[in-house]
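Engineer: One structure follows; several queries about it will come next.
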Amino acid sequence: MVREQYTTTTQGTSLQRPDNEYVYKIGIYGWRKRCLYLLVLLLLIILVVNFALTIWVLRVMWFNPEGMGLLKVTKDGLRLEGESEFLFPLYAKEIHSRIDSSLLLHSSQNIVVDARDMNGNVTGRLTVGPKAVQAHGQQFEILSNEGKMLFSANENEVVVGADKLRVTGPEGAVFEHSVETPHVKADAFKQLRLESPTRSLSMDAPKGVYIKAQAGNIEATSQMDIVLHTSEGMLVLDSETVRLPRLPRGSRGVPGNSQGLYEVCVCPDGKLYLSVAGEGSTCHEYSAC
């Protein structure tokens with residue numbers, strides 16, 4: 001242990017100081033000093049490199065007081081100009097383009113737009129793929145600019161709210177179930193054809209079914225029977241000429257001088273047949289019942 005000695009003197013007294021046995025040197029000398037300078041130099045180099053990298057990042061990312069490059073922060077949200085690429089999902093409340101340009105969404109695979117509830121469950125989804133466009137939800141609606149419903153579809157029904165539904169395909173429209181509409185009409189100079197290849201075709205209306213051809217014929221073709229039935233009213237054939245060209249002819253007896261005239265006869269079961277006209281009725285003579 002080093003011991004320090006202190007000597008006090010008074011005025012007029014001369015004492016000789018003893019020689020110091022130990023000499024202290026204050027500071028860092030030798031290899032410690034060189035290591036300290038090397039450490040300070042290394043820290044200075046790191047500080048300069050970090051500062052240079054920070055300046056480089058600011059220049060590359062285009063940081064400015066309004067935002068970062070084409071991405072600007074406004075009071076309404078974020079404004080992004082030009083083309084941008086998102087590598088991960090994008091969550092936003094509203095996405096819209098500028099007034100003078102359109103909004104383009106491009107993807108090499110699929111574009112999926114999801115709507116979620118407060119719990120994070122998907123309540124609606126729109127998927128645009130390379131082969132199909134799919135919409136998942138409880139109801140799908142298309143509205144006009146005025147808010148009028150043009151098309152609506154849900155699990156129970158599909159409603160077309162437009163004034164006119166036009167089908168331009170060469171094969172027409174195929175419906176697996178019933179169709180409810182007040183009016184079915186073909187384009188001008190086009191034929192209207194209602195066909196059921198393997199099943200029956202039924203047209204029902206509470207106040208009547210009206211069929212009209214303004215510049216052509218109306219044809220009804222069936223493999224089996226065509227039945228015209230009325231429960232309370234009557235069947236009216238209102239025309240200048242009513243032709244039944246394929247009615248069977250009675251074969252009993254020898255025709256007389258009929259001059260090509262025939263009589264229409266009715267069997268008890270409602271069957272019609274032709275009988276050679278005579279002075280009186282010849283239905284019993286040429287019966288085909």
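Residues in the structure tokens are named by chain (A, B, ... in the order shown) and by number from 1 within that chain; ligands are numbered from 1 in the order shown.
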Any idea what's packed within 12 Å of Ser97 (chain A), counting only C-alpha atoms, ignoring anything in its chain fewer than 2 positions away? Could you give it as a list in words?

Structural biologist: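 So the residues in contact are Leu78, Arg79, Leu80, Glu81, Gly82, Glu83, Glu94, Ile95, Ile99, Asp100, Ser101, Ser102, Leu103, Leu104 and Leu105 of chain A.
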
Engineer: Could you save the residues just selected, with C-alpha atoms, as a short mmCIF file (atom, residue, chain, number, x, y, z; two decimals), in the first residue's frame?

Structural biologist:
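As a result, part-v6.cif now contains:
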data_model
loop_
_atom_site.label_atom_id
_atom_site.label_comp_id
_atom_site.auth_asym_id
_atom_site.auth_seq_id
_atom_site.Cartn_x
_atom_site.Cartn_y
_atom_site.Cartn_z
CA LEU A 78 -52.73 8.28 -48.78
CA ARG A 79 -52.37 9.39 -52.38
CA LEU A 80 -50.36 7.19 -54.72
CA GLU A 81 -49.53 8.31 -58.24
CA GLY A 82 -48.26 6.18 -61.10
CA GLU A 83 -48.00 2.39 -61.13
CA GLU A 94 -61.75 2.99 -50.01
CA ILE A 95 -59.71 2.90 -53.23
CA ILE A 99 -60.99 12.28 -61.59
CA ASP A 100 -59.30 12.37 -65.00
CA SER A 101 -58.08 8.75 -65.10
CA SER A 102 -59.35 5.21 -64.63
CA LEU A 103 -58.42 2.69 -61.94
CA LEU A 104 -56.52 -0.34 -63.28
CA LEU A 105 -55.89 -3.47 -61.20
#

Engineer: Assign secondary structure with DSSP using the backbone only, and return the residues of region 9-244 of chain A in alpha helix (DSSP H) as a ChimeraX atom specification.

Structural biologist: /A:31-60

Engineer: Check the smallest atom-to-atom distance from each of A:Pro206, A:Ala288, A:Asp76, A:Glu180 to Asp269 (chain A) using only C-alpha atoms, then report the winner.

Structural biologist: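 Checking each of A:Pro206, A:Ala288, A:Asp76, A:Glu180 against Asp269 (chain A), counting only C-alpha atoms, the winner is A:Ala288.
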
Engineer: Excluding Pro170 (chain A) and residues on its chain fewer than 6 positions from it, collect all residues at most 12 Å away from it, counting only C-alpha atoms, and give them as an MDAnalysis selection string.

Structural biologist: chainID A and resid 190:191 193

Engineer: When you draw a straight line from CA of Gly169 (chain A) to CA of His183 (chain A), how long is it in Å?

Structural biologist: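 Computing it gives 18.9 Å between the two atoms.
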
Engineer: Do you have the CA of Val133 (chain A)-CA of Lys164 (chain A) distance handy?

Structural biologist: 24.3 Å

Engineer: So that I can see what lies close to Asn156 (chain A), please list as a ChimeraX atom specification the residues with an atom at most 12 Å from it, counting only C-alpha atoms and leaving out residues fewer than 4 positions away in the same chain.

Structural biologist: /A:138-140,152

Engineer: Would you export the selected residues with N, CA and C atoms as a PDB file, in the first residue's frame, please?

Structural biologist:
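Result file out_37.pdb:
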ATOM      1  N   GLN A 138     -74.158 -13.120 -50.050  1.00  0.00           N
ATOM      2  CA  GLN A 138     -75.567 -13.434 -49.869  1.00  0.00           C
ATOM      3  C   GLN A 138     -76.422 -12.913 -51.014  1.00  0.00           C
ATOM      4  N   GLN A 139     -76.038 -11.805 -51.614  1.00  0.00           N
ATOM      5  CA  GLN A 139     -76.815 -11.232 -52.717  1.00  0.00           C
ATOM      6  C   GLN A 139     -75.892 -10.432 -53.620  1.00  0.00           C
ATOM      7  N   PHE A 140     -76.167 -10.518 -54.933  1.00  0.00           N
ATOM      8  CA  PHE A 140     -75.376  -9.815 -55.933  1.00  0.00           C
ATOM      9  C   PHE A 140     -76.295  -8.847 -56.673  1.00  0.00           C
ATOM     10  N   SER A 152     -80.295  -8.480 -59.998  1.00  0.00           N
ATOM     11  CA  SER A 152     -80.172  -8.935 -58.618  1.00  0.00           C
ATOM     12  C   SER A 152     -80.270 -10.455 -58.597  1.00  0.00           C
TER      13      SER A 152
END

Engineer: Restricting the calculation to only C-alpha atoms, which member of A:Lys185, A:Ser178, A:Asn110, A:Glu263 is positioned closest to Leu244 (chain A)?

Structural biologist: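 Of A:Lys185, A:Ser178, A:Asn110, A:Glu263, the one nearest Leu244 (chain A), counting only C-alpha atoms, is A:Glu263.
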
Engineer: Need the shell around Ala135 (chain A): protein/DNA/RNA residues with any atom at most 12 Å away, counting only C-alpha atoms. Skip same-chain ones fewer than 4 positions apart. Format as a PyMOL selection string?

Structural biologist: chain A and resi 111-115+123-129+139-141+153-154

Engineer: In Å to one decimal, how far is CA of Val184 (chain A) from CA of Asp204 (chain A)?

Structural biologist: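 Interatomic distance, CA of Asp204 (chain A) to CA of Val184 (chain A): 13.2 Å.
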
Engineer: Would you please work out which residue, of A:Thr230, A:Ser287, A:Ser144, A:Ser196, is nearest to Val174 (chain A) when using only C-alpha atoms?

Structural biologist: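 Answer, going by the shortest atom-to-atom distance: A:Ser196.
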
Engineer: Compile the contact shell of Cys267 (chain A) as a CSV table (one decimal) with N, CA, C and O atoms, in the first residue's frame: residues with an atom at most 10 Å away, counting only C-alpha atoms, same-chain residues fewer than 4 positions apart removed.

Structural biologist:
chain,number,residue,atom,x,y,z
A,271,LYS,N,-113.8,-36.9,-81.9
A,271,LYS,CA,-113.0,-37.0,-83.1
A,271,LYS,C,-113.7,-36.4,-84.3
A,271,LYS,O,-114.9,-36.6,-84.4
A,272,LEU,N,-113.0,-35.7,-85.1
A,272,LEU,CA,-113.5,-35.1,-86.3
A,272,LEU,C,-113.1,-36.0,-87.5
A,272,LEU,O,-112.0,-36.5,-87.6
A,273,TYR,N,-114.0,-36.1,-88.5
A,273,TYR,CA,-113.7,-36.8,-89.7
A,273,TYR,C,-114.6,-36.2,-90.8
A,273,TYR,O,-115.5,-35.4,-90.6
A,283,CYS,N,-123.0,-38.6,-92.2
A,283,CYS,CA,-122.1,-39.0,-91.2
A,283,CYS,C,-122.2,-40.5,-90.8
A,283,CYS,O,-121.3,-41.2,-90.6
A,287,SER,N,-119.3,-43.3,-91.6
A,287,SER,CA,-118.8,-43.2,-90.2
A,287,SER,C,-117.4,-43.7,-90.1
A,287,SER,O,-117.0,-44.7,-90.7
A,288,ALA,N,-116.6,-42.9,-89.4
A,288,ALA,CA,-115.2,-43.3,-89.1
A,288,ALA,C,-114.9,-43.3,-87.6
A,288,ALA,O,-113.7,-43.2,-87.2
A,289,CYS,N,-115.9,-43.4,-86.8
A,289,CYS,CA,-115.7,-43.4,-85.4
A,289,CYS,C,-115.2,-44.8,-84.9
A,289,CYS,O,-115.5,-45.8,-85.5

Engineer: Excluding Leu58 (chain A) and any residue of its chain fewer than 6 positions from it, enumerate the residues within 10 Å of it, using only C-alpha atoms, and give them as a list of chain:residue names.

Structural biologist: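 Selected residues are A:Ala52, A:Asn64, A:Met68, A:Gly69.
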